[in-house]
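Chemist: For reference, the file input31.cif (mmCIF, C-alpha atoms) is included below:
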data_model
loop_
_atom_site.group_PDB
_atom_site.id
_atom_site.type_symbol
_atom_site.label_atom_id
_atom_site.label_comp_id
_atom_site.auth_asym_id
_atom_site.auth_seq_id
_atom_site.Cartn_x
_atom_site.Cartn_y
_atom_site.Cartn_z
ATOM 1 C CA MET A 219 -15.336 -8.605 10.156
ATOM 2 C CA GLU A 220 -15.413 -4.956 11.096
ATOM 3 C CA ILE A 221 -13.247 -2.863 8.818
ATOM 4 C CA ALA A 222 -12.276 0.585 10.122
ATOM 5 C CA PHE A 223 -13.715 2.594 7.239
ATOM 6 C CA GLU A 224 -14.543 5.490 9.543
ATOM 7 C CA LYS A 225 -10.871 6.213 10.323
ATOM 8 C CA SER A 226 -10.372 7.980 6.984
ATOM 9 C CA GLY A 227 -13.765 9.340 6.074
ATOM 10 C CA GLY A 228 -15.239 6.041 4.915
ATOM 11 C CA LEU A 229 -12.280 4.909 2.846
ATOM 12 C CA VAL A 230 -9.449 2.479 3.459
ATOM 13 C CA PRO A 231 -6.321 2.209 1.319
ATOM 14 C CA ALA A 232 -6.066 -0.959 -0.780
ATOM 15 C CA ILE A 233 -2.627 -2.060 -1.947
ATOM 16 C CA ILE A 234 -2.622 -3.974 -5.221
ATOM 17 C CA GLN A 235 0.102 -6.592 -5.573
ATOM 18 C CA ASP A 236 0.731 -8.873 -8.555
ATOM 19 C CA SER A 237 0.366 -12.430 -7.270
ATOM 20 C CA ARG A 238 2.836 -13.812 -9.798
ATOM 21 C CA THR A 239 5.679 -11.319 -9.456
ATOM 22 C CA ASP A 240 4.907 -9.775 -6.030
ATOM 23 C CA LYS A 241 5.325 -6.362 -7.646
ATOM 24 C CA VAL A 242 3.263 -3.598 -6.043
ATOM 25 C CA LEU A 243 1.160 -2.235 -8.878
ATOM 26 C CA MET A 244 -0.935 0.573 -7.423
ATOM 27 C CA LEU A 245 -2.827 1.849 -4.412
ATOM 28 C CA GLY A 246 -6.509 2.686 -4.481
ATOM 29 C CA PHE A 247 -9.154 3.485 -1.910
ATOM 30 C CA MET A 248 -12.227 1.437 -1.112
ATOM 31 C CA ASN A 249 -15.384 2.255 0.740
ATOM 32 C CA ALA A 250 -17.647 -0.505 2.014
ATOM 33 C CA GLU A 251 -19.534 -0.649 -1.279
ATOM 34 C CA ALA A 252 -16.349 -0.901 -3.369
ATOM 35 C CA LEU A 253 -15.092 -3.743 -1.198
ATOM 36 C CA ALA A 254 -18.425 -5.549 -1.460
ATOM 37 C CA GLU A 255 -18.373 -5.170 -5.257
ATOM 38 C CA THR A 256 -14.786 -6.419 -5.325
ATOM 39 C CA GLN A 257 -15.742 -9.472 -3.287
ATOM 40 C CA ARG A 258 -18.840 -10.141 -5.375
ATOM 41 C CA THR A 259 -17.181 -9.836 -8.793
ATOM 42 C CA ARG A 260 -13.604 -10.829 -7.856
ATOM 43 C CA GLN A 261 -12.416 -7.827 -9.831
ATOM 44 C CA ALA A 262 -10.926 -4.788 -8.095
ATOM 45 C CA VAL A 263 -13.410 -1.933 -7.657
ATOM 46 C CA PHE A 264 -12.251 1.295 -6.023
ATOM 47 C CA PHE A 265 -13.841 4.492 -4.883
ATOM 48 C CA SER A 266 -12.458 7.364 -6.925
ATOM 49 C CA ARG A 267 -11.910 10.410 -4.725
ATOM 50 C CA SER A 268 -11.562 12.691 -7.744
ATOM 51 C CA ARG A 269 -14.714 11.445 -9.491
ATOM 52 C CA ASN A 270 -16.620 10.666 -6.293
ATOM 53 C CA ARG A 271 -17.945 7.362 -7.555
ATOM 54 C CA LEU A 272 -17.150 3.672 -7.731
ATOM 55 C CA TRP A 273 -14.634 2.778 -10.370
ATOM 56 C CA ARG A 274 -13.950 -0.707 -11.688
ATOM 57 C CA LYS A 275 -10.273 -0.827 -12.572
ATOM 58 C CA GLY A 276 -10.101 -1.515 -16.293
ATOM 59 C CA GLU A 277 -13.564 -0.189 -17.093
ATOM 60 C CA SER A 278 -12.113 1.955 -19.875
ATOM 61 C CA SER A 279 -8.816 0.185 -20.621
ATOM 62 C CA GLY A 280 -9.958 -3.399 -20.281
ATOM 63 C CA HIS A 281 -7.041 -3.962 -17.918
ATOM 64 C CA VAL A 282 -9.066 -5.432 -15.091
ATOM 65 C CA LEU A 283 -7.551 -6.890 -11.956
ATOM 66 C CA ARG A 284 -8.633 -10.438 -11.093
ATOM 67 C CA VAL A 285 -8.629 -10.650 -7.324
ATOM 68 C CA LEU A 286 -7.168 -13.876 -5.966
ATOM 69 C CA GLU A 287 -6.862 -12.954 -2.301
ATOM 70 C CA ILE A 288 -7.876 -10.116 0.026
ATOM 71 C CA ARG A 289 -5.873 -9.550 3.174
ATOM 72 C CA ILE A 290 -6.523 -7.144 6.020
ATOM 73 C CA ASP A 291 -3.995 -5.670 8.397
ATOM 74 C CA CYS A 292 -3.815 -5.899 12.181
ATOM 75 C CA ASP A 293 -5.725 -2.652 12.734
ATOM 76 C CA ALA A 294 -8.322 -3.516 10.063
ATOM 77 C CA ASP A 295 -7.718 -0.199 8.359
ATOM 78 C CA ALA A 296 -5.755 -1.243 5.264
ATOM 79 C CA LEU A 297 -6.268 -3.926 2.621
ATOM 80 C CA LEU A 298 -3.825 -5.914 0.513
ATOM 81 C CA LEU A 299 -5.210 -7.456 -2.664
ATOM 82 C CA ARG A 300 -3.215 -10.079 -4.470
ATOM 83 C CA VAL A 301 -4.282 -9.976 -8.092
ATOM 84 C CA GLU A 302 -3.733 -11.254 -11.564
ATOM 85 C CA PRO A 303 -3.602 -8.172 -13.778
ATOM 86 C CA LEU A 304 -5.121 -8.590 -17.228
ATOM 87 C CA GLY A 305 -3.319 -6.549 -19.849
ATOM 88 C CA PRO A 306 0.124 -4.977 -20.098
ATOM 89 C CA GLY A 307 -0.070 -2.619 -17.145
ATOM 90 C CA VAL A 308 -2.216 -0.848 -14.587
ATOM 91 C CA CYS A 309 -0.950 2.717 -14.943
ATOM 92 C CA HIS A 310 -2.755 5.225 -17.107
ATOM 93 C CA GLN A 311 0.683 6.559 -18.060
ATOM 94 C CA GLY A 312 1.585 3.275 -19.738
ATOM 95 C CA TYR A 313 3.565 1.410 -17.096
ATOM 96 C CA SER A 314 3.036 -1.996 -15.520
ATOM 97 C CA SER A 315 3.010 -0.331 -12.076
ATOM 98 C CA CYS A 316 2.021 3.165 -11.005
ATOM 99 C CA PHE A 317 5.204 3.245 -8.892
ATOM 100 C CA PHE A 318 7.545 3.742 -11.835
ATOM 101 C CA ARG A 319 9.452 6.684 -10.349
ATOM 102 C CA ARG A 320 12.056 6.848 -7.612
ATOM 103 C CA ILE A 321 12.683 9.804 -5.305
ATOM 104 C CA ASP A 322 16.418 10.138 -4.864
ATOM 105 C CA GLY A 323 18.328 11.560 -1.902
ATOM 106 C CA SER A 324 18.158 15.122 -3.146
ATOM 107 C CA GLY A 325 14.393 14.897 -3.610
ATOM 108 C CA SER A 326 14.431 14.770 -7.390
ATOM 109 C CA VAL A 327 12.383 12.147 -9.172
ATOM 110 C CA ARG A 328 13.556 9.741 -11.830
ATOM 111 C CA THR A 329 11.619 7.297 -13.990
ATOM 112 C CA ILE A 330 13.159 3.872 -13.463
ATOM 113 C CA GLU A 331 10.874 1.623 -15.492
ATOM 114 C CA GLU A 332 10.086 1.221 -19.165
ATOM 115 C CA ARG A 333 6.630 1.753 -20.593
ATOM 116 C CA THR A 334 4.804 -1.496 -21.322
ATOM 117 C CA PHE A 335 2.078 0.011 -23.508
ATOM 118 C CA ASP A 336 1.099 3.203 -25.269
ATOM 119 C CA PRO A 337 -1.573 4.906 -23.166
ATOM 120 C CA ALA A 338 -2.801 6.965 -26.130
ATOM 121 C CA LYS A 339 -3.914 3.734 -27.802
ATOM 122 C CA VAL A 340 -5.720 2.446 -24.703
ATOM 123 C CA TYR A 341 -7.341 5.401 -23.014
ATOM 124 C CA ALA A 342 -9.727 7.950 -24.365
ATOM 125 C CA PRO A 343 -8.674 11.505 -23.412
ATOM 126 C CA GLY A 344 -9.432 12.104 -19.762
ATOM 127 C CA ALA A 345 -10.220 8.476 -18.987
ATOM 128 C CA GLU A 346 -8.996 6.589 -15.893
ATOM 129 C CA MET B 100 8.901 17.053 -6.447
ATOM 130 C CA GLU B 101 5.423 18.071 -5.404
ATOM 131 C CA ILE B 102 3.719 15.375 -3.363
ATOM 132 C CA ALA B 103 -0.052 15.631 -3.066
ATOM 133 C CA PHE B 104 -0.206 15.722 0.727
ATOM 134 C CA GLU B 105 -3.275 17.937 0.654
ATOM 135 C CA LYS B 106 -5.450 15.259 -0.977
ATOM 136 C CA SER B 107 -5.894 13.412 2.336
ATOM 137 C CA GLY B 108 -5.554 16.061 4.978
ATOM 138 C CA GLY B 109 -1.774 16.340 4.819
ATOM 139 C CA LEU B 110 -1.060 12.612 4.789
ATOM 140 C CA VAL B 111 -0.165 10.166 2.051
ATOM 141 C CA PRO B 112 -0.213 6.371 2.423
ATOM 142 C CA ALA B 113 3.206 4.719 2.413
ATOM 143 C CA ILE B 114 3.403 1.031 1.496
ATOM 144 C CA ILE B 115 6.273 -0.841 3.123
ATOM 145 C CA GLN B 116 7.720 -3.697 1.077
ATOM 146 C CA ASP B 117 10.580 -6.003 2.065
ATOM 147 C CA SER B 118 13.291 -5.521 -0.558
ATOM 148 C CA ARG B 119 14.573 -9.077 -0.171
ATOM 149 C CA THR B 120 11.315 -11.021 -0.280
ATOM 150 C CA ASP B 121 8.976 -8.464 -1.929
ATOM 151 C CA LYS B 122 6.492 -9.183 0.862
ATOM 152 C CA VAL B 123 4.229 -6.254 1.738
ATOM 153 C CA LEU B 124 4.846 -5.662 5.428
ATOM 154 C CA MET B 125 2.611 -2.773 6.453
ATOM 155 C CA LEU B 126 1.035 0.498 5.430
ATOM 156 C CA GLY B 127 1.617 3.751 7.291
ATOM 157 C CA PHE B 128 0.872 7.394 6.648
ATOM 158 C CA MET B 129 3.396 10.167 6.160
ATOM 159 C CA ASN B 130 3.093 13.901 6.296
ATOM 160 C CA ALA B 131 5.792 16.105 4.780
ATOM 161 C CA GLU B 132 7.794 16.096 8.006
ATOM 162 C CA ALA B 133 7.685 12.299 8.337
ATOM 163 C CA LEU B 134 8.886 11.908 4.755
ATOM 164 C CA ALA B 135 11.695 14.411 5.322
ATOM 165 C CA GLU B 136 12.772 12.550 8.476
ATOM 166 C CA THR B 137 12.629 9.262 6.569
ATOM 167 C CA GLN B 138 14.817 10.690 3.826
ATOM 168 C CA ARG B 139 17.268 12.237 6.304
ATOM 169 C CA THR B 140 17.692 9.162 8.507
ATOM 170 C CA ARG B 141 16.974 6.412 5.936
ATOM 171 C CA GLN B 142 14.700 4.805 8.523
ATOM 172 C CA ALA B 143 10.923 4.791 8.096
ATOM 173 C CA VAL B 144 9.161 7.511 10.082
ATOM 174 C CA PHE B 145 5.380 7.753 9.958
ATOM 175 C CA PHE B 146 2.740 10.100 11.243
ATOM 176 C CA SER B 147 0.568 8.274 13.744
ATOM 177 C CA ARG B 148 -3.067 9.278 13.305
ATOM 178 C CA SER B 149 -4.030 7.801 16.693
ATOM 179 C CA ARG B 150 -1.218 9.481 18.609
ATOM 180 C CA ASN B 151 -1.077 12.600 16.426
ATOM 181 C CA ARG B 152 2.702 12.686 16.296
ATOM 182 C CA LEU B 153 5.672 11.434 14.307
ATOM 183 C CA TRP B 154 6.555 7.850 15.011
ATOM 184 C CA ARG B 155 9.801 6.161 14.065
ATOM 185 C CA LYS B 156 8.958 2.536 13.315
ATOM 186 C CA GLY B 157 10.889 0.468 15.844
ATOM 187 C CA GLU B 158 11.245 3.221 18.416
ATOM 188 C CA SER B 159 9.934 0.877 21.131
ATOM 189 C CA SER B 160 10.617 -2.559 19.589
ATOM 190 C CA GLY B 161 13.974 -1.874 17.982
ATOM 191 C CA HIS B 162 12.541 -3.281 14.748
ATOM 192 C CA VAL B 163 13.456 -0.336 12.584
ATOM 193 C CA LEU B 164 13.007 -0.297 8.824
ATOM 194 C CA ARG B 165 16.110 0.594 6.812
ATOM 195 C CA VAL B 166 14.886 2.427 3.737
ATOM 196 C CA LEU B 167 16.645 1.421 0.538
ATOM 197 C CA GLU B 168 14.375 3.070 -1.998
ATOM 198 C CA ILE B 169 11.416 5.455 -2.058
ATOM 199 C CA ARG B 170 9.040 5.369 -4.997
ATOM 200 C CA ILE B 171 6.134 7.645 -5.805
ATOM 201 C CA ASP B 172 3.104 6.838 -7.889
ATOM 202 C CA CYS B 173 1.826 8.516 -11.041
ATOM 203 C CA ASP B 174 -0.512 10.851 -9.165
ATOM 204 C CA ALA B 175 2.123 11.663 -6.520
ATOM 205 C CA ASP B 176 -0.311 10.738 -3.769
ATOM 206 C CA ALA B 177 1.090 7.391 -2.591
ATOM 207 C CA LEU B 178 4.560 6.183 -1.643
ATOM 208 C CA LEU B 179 6.212 2.774 -1.887
ATOM 209 C CA LEU B 180 9.212 2.204 0.364
ATOM 210 C CA ARG B 181 11.455 -0.753 -0.255
ATOM 211 C CA VAL B 182 13.083 -1.600 3.040
ATOM 212 C CA GLU B 183 15.311 -3.961 4.941
ATOM 213 C CA PRO B 184 13.434 -4.755 8.144
ATOM 214 C CA LEU B 185 15.620 -5.206 11.218
ATOM 215 C CA GLY B 186 14.215 -7.774 13.609
ATOM 216 C CA PRO B 187 11.770 -10.661 13.268
ATOM 217 C CA GLY B 188 8.690 -8.734 12.187
ATOM 218 C CA VAL B 189 6.955 -5.393 11.857
ATOM 219 C CA CYS B 190 3.590 -6.183 13.413
ATOM 220 C CA HIS B 191 2.863 -5.383 17.046
ATOM 221 C CA GLN B 192 0.887 -8.631 17.153
ATOM 222 C CA GLY B 193 4.038 -10.674 16.506
ATOM 223 C CA TYR B 194 3.952 -11.310 12.773
ATOM 224 C CA SER B 195 6.478 -10.523 10.057
ATOM 225 C CA SER B 196 3.775 -8.584 8.182
ATOM 226 C CA CYS B 197 0.697 -6.753 9.441
ATOM 227 C CA PHE B 198 -1.256 -8.434 6.624
ATOM 228 C CA PHE B 199 -1.389 -11.840 8.306
ATOM 229 C CA ARG B 200 -5.144 -12.352 7.868
ATOM 230 C CA ARG B 201 -7.210 -13.225 4.825
ATOM 231 C CA ILE B 202 -10.833 -12.246 4.239
ATOM 232 C CA ASP B 203 -12.580 -15.189 2.656
ATOM 233 C CA GLY B 204 -15.561 -15.191 0.322
ATOM 234 C CA SER B 205 -18.116 -15.176 3.123
ATOM 235 C CA GLY B 206 -16.440 -12.200 4.792
ATOM 236 C CA SER B 207 -14.923 -14.124 7.673
ATOM 237 C CA VAL B 208 -11.290 -13.587 8.543
ATOM 238 C CA ARG B 209 -8.644 -16.204 9.010
ATOM 239 C CA THR B 210 -5.052 -15.932 10.229
ATOM 240 C CA ILE B 211 -2.832 -17.448 7.546
ATOM 241 C CA GLU B 212 0.658 -16.784 8.891
ATOM 242 C CA GLU B 213 2.669 -17.972 11.863
ATOM 243 C CA ARG B 214 3.924 -15.624 14.533
ATOM 244 C CA THR B 215 7.625 -14.832 14.198
ATOM 245 C CA PHE B 216 8.081 -13.369 17.678
ATOM 246 C CA ASP B 217 6.341 -12.988 20.999
ATOM 247 C CA PRO B 218 5.007 -9.440 21.189
ATOM 248 C CA ALA B 219 4.774 -9.577 25.001
ATOM 249 C CA LYS B 220 8.560 -9.864 25.122
ATOM 250 C CA VAL B 221 9.128 -6.961 22.748
ATOM 251 C CA TYR B 222 6.523 -4.353 23.483
ATOM 252 C CA ALA B 223 5.683 -2.642 26.714
ATOM 253 C CA PRO B 224 1.917 -2.583 27.346
ATOM 254 C CA GLY B 225 0.308 -0.017 25.065
ATOM 255 C CA ALA B 226 3.421 0.559 22.972
ATOM 256 C CA GLU B 227 3.478 0.858 19.164
#
As structure tokens, how would this structure be written, given the file I've shared?
Modeler:
Amino acid sequence: MEIAFEKSGGLVPAIIQDSRTDKVLMLGFMNAEALAETQRTRQAVFFSRSRNRLWRKGESSGHVLRVLEIRIDCDADALLLRVEPLGPGVCHQGYSSCFFRRIDGSGSVRTIEERTFDPAKVYAPGAE
Amino acid sequence: MEIAFEKSGGLVPAIIQDSRTDKVLMLGFMNAEALAETQRTRQAVFFSRSRNRLWRKGESSGHVLRVLEIRIDCDADALLLRVEPLGPGVCHQGYSSCFFRRIDGSGSVRTIEERTFDPAKVYAPGAE
């Protein structure tokens, strides 16, 4: 399977969806190495653009993502991972999903979910 | 709301999720203009990297995406659009979702969904 990593500088977006609830939890990027690590370990591994290195989701929080299924889109330039999230949430701000805010018609942003954990108790300062 | 368009050369990934079924249908990219057009018309408008122009989903097929909700992630660099898809599917290959293939453990790819329409009857050659 040829995946079109070269389209976006070696990275493809990977959508993370909870396999039990179908909730979209987050979006990360993977290079070929991150995808290979994800396939090998069955835990989601991303490439962090800000830290310029591989990053196993949950490496600091313990909230790893067990990967049940990897799908690829028609153009082979985006991935969809169906996962079982371990822990109360994937977002470093304390929510089950990183998509906890809505943009309304006027362009303002509103938080529409409740926190599921206290990030100060899970993350060291600056982590994840 | 400041969206981090500059992180990926002016484009942010936009996940498209069916609001009725929670199925992930596709992933597109938006620049600021595409997002503004999406907000104005309440139909999904992307920036096509291959054609280097704005692209209203459904402009050739009629399968437009009615946008019910736009969410933004914690880092403001990815969007999640909850939509009502008009028509039998979003994929130019004839499937309800572009993610109709699974990558298995050995890296081979298998189609795991049924076609919902005949793309030859919907798309002109080379369209969408």
Chemist: Carefully work through the PyMOL selection byres ((chain B) within 9 of (chain A)) for this structure and note down the residues it includes, as a PyMOL selection string.
Modeler: chain B and resi 100+106-107+112+114+116+120-123+125-126+138-139+148+168-174+177-179+190-192+196-208
Chemist: Would you work out the distance separating CA of Gly193 (chain B) from CA of Asp117 (chain B), expressed in Å to one decimal?
Modeler: 16.5 Å
Chemist: Place a sphere of radius 12 Å on (9.5, 0.4, 12.7) in the file coordinates and name every protein, DNA or RNA residue with an atom inside or on its surface, counting all atoms listed in the file; give the answer as a compact mmCIF listing (two decimals) with C-alpha atoms, keeping the file's coordinate frame.
Modeler:
# COMPACT_ATOMS: atom_id res chain seq x y z
CA ILE B 115 6.27 -0.84 3.12
CA LEU B 124 4.85 -5.66 5.43
CA MET B 125 2.61 -2.77 6.45
CA LEU B 126 1.03 0.50 5.43
CA GLY B 127 1.62 3.75 7.29
CA THR B 137 12.63 9.26 6.57
CA ARG B 141 16.97 6.41 5.94
CA GLN B 142 14.70 4.80 8.52
CA ALA B 143 10.92 4.79 8.10
CA VAL B 144 9.16 7.51 10.08
CA PHE B 145 5.38 7.75 9.96
CA PHE B 146 2.74 10.10 11.24
CA SER B 147 0.57 8.27 13.74
CA LEU B 153 5.67 11.43 14.31
CA TRP B 154 6.56 7.85 15.01
CA ARG B 155 9.80 6.16 14.06
CA LYS B 156 8.96 2.54 13.32
CA GLY B 157 10.89 0.47 15.84
CA GLU B 158 11.24 3.22 18.42
CA SER B 159 9.93 0.88 21.13
CA SER B 160 10.62 -2.56 19.59
CA GLY B 161 13.97 -1.87 17.98
CA HIS B 162 12.54 -3.28 14.75
CA VAL B 163 13.46 -0.34 12.58
CA LEU B 164 13.01 -0.30 8.82
CA ARG B 165 16.11 0.59 6.81
CA VAL B 166 14.89 2.43 3.74
CA VAL B 182 13.08 -1.60 3.04
CA GLU B 183 15.31 -3.96 4.94
CA PRO B 184 13.43 -4.76 8.14
CA LEU B 185 15.62 -5.21 11.22
CA GLY B 186 14.22 -7.77 13.61
CA PRO B 187 11.77 -10.66 13.27
CA GLY B 188 8.69 -8.73 12.19
CA VAL B 189 6.96 -5.39 11.86
CA CYS B 190 3.59 -6.18 13.41
CA HIS B 191 2.86 -5.38 17.05
CA SER B 195 6.48 -10.52 10.06
CA SER B 196 3.78 -8.58 8.18
CA CYS B 197 0.70 -6.75 9.44
CA ALA B 226 3.42 0.56 22.97
CA GLU B 227 3.48 0.86 19.16
Chemist: Hey, which of B:Ala219, B:Arg119, B:Arg150, B:Asn130 ends up closest to Leu167 (chain B)? Count only C-alpha atoms.
Modeler: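 Using only C-alpha atoms, Leu167 (chain B) sits closest to B:Arg119.
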Chemist: Expressed in Å to a single decimal, how great is the separation between CA of Ala222 (chain A) and CA of Met129 (chain B)?
Modeler: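 One can read the CA of Ala222 (chain A) to CA of Met129 (chain B) distance as 18.8 Å.
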Chemist: If you measure from CA of Val111 (chain B) to CA of Thr140 (chain B), what distance in Å do you get, rounded to one decimal?
Modeler: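 Computed distance, CA of Val111 (chain B) to CA of Thr140 (chain B), equals 19.0 Å.
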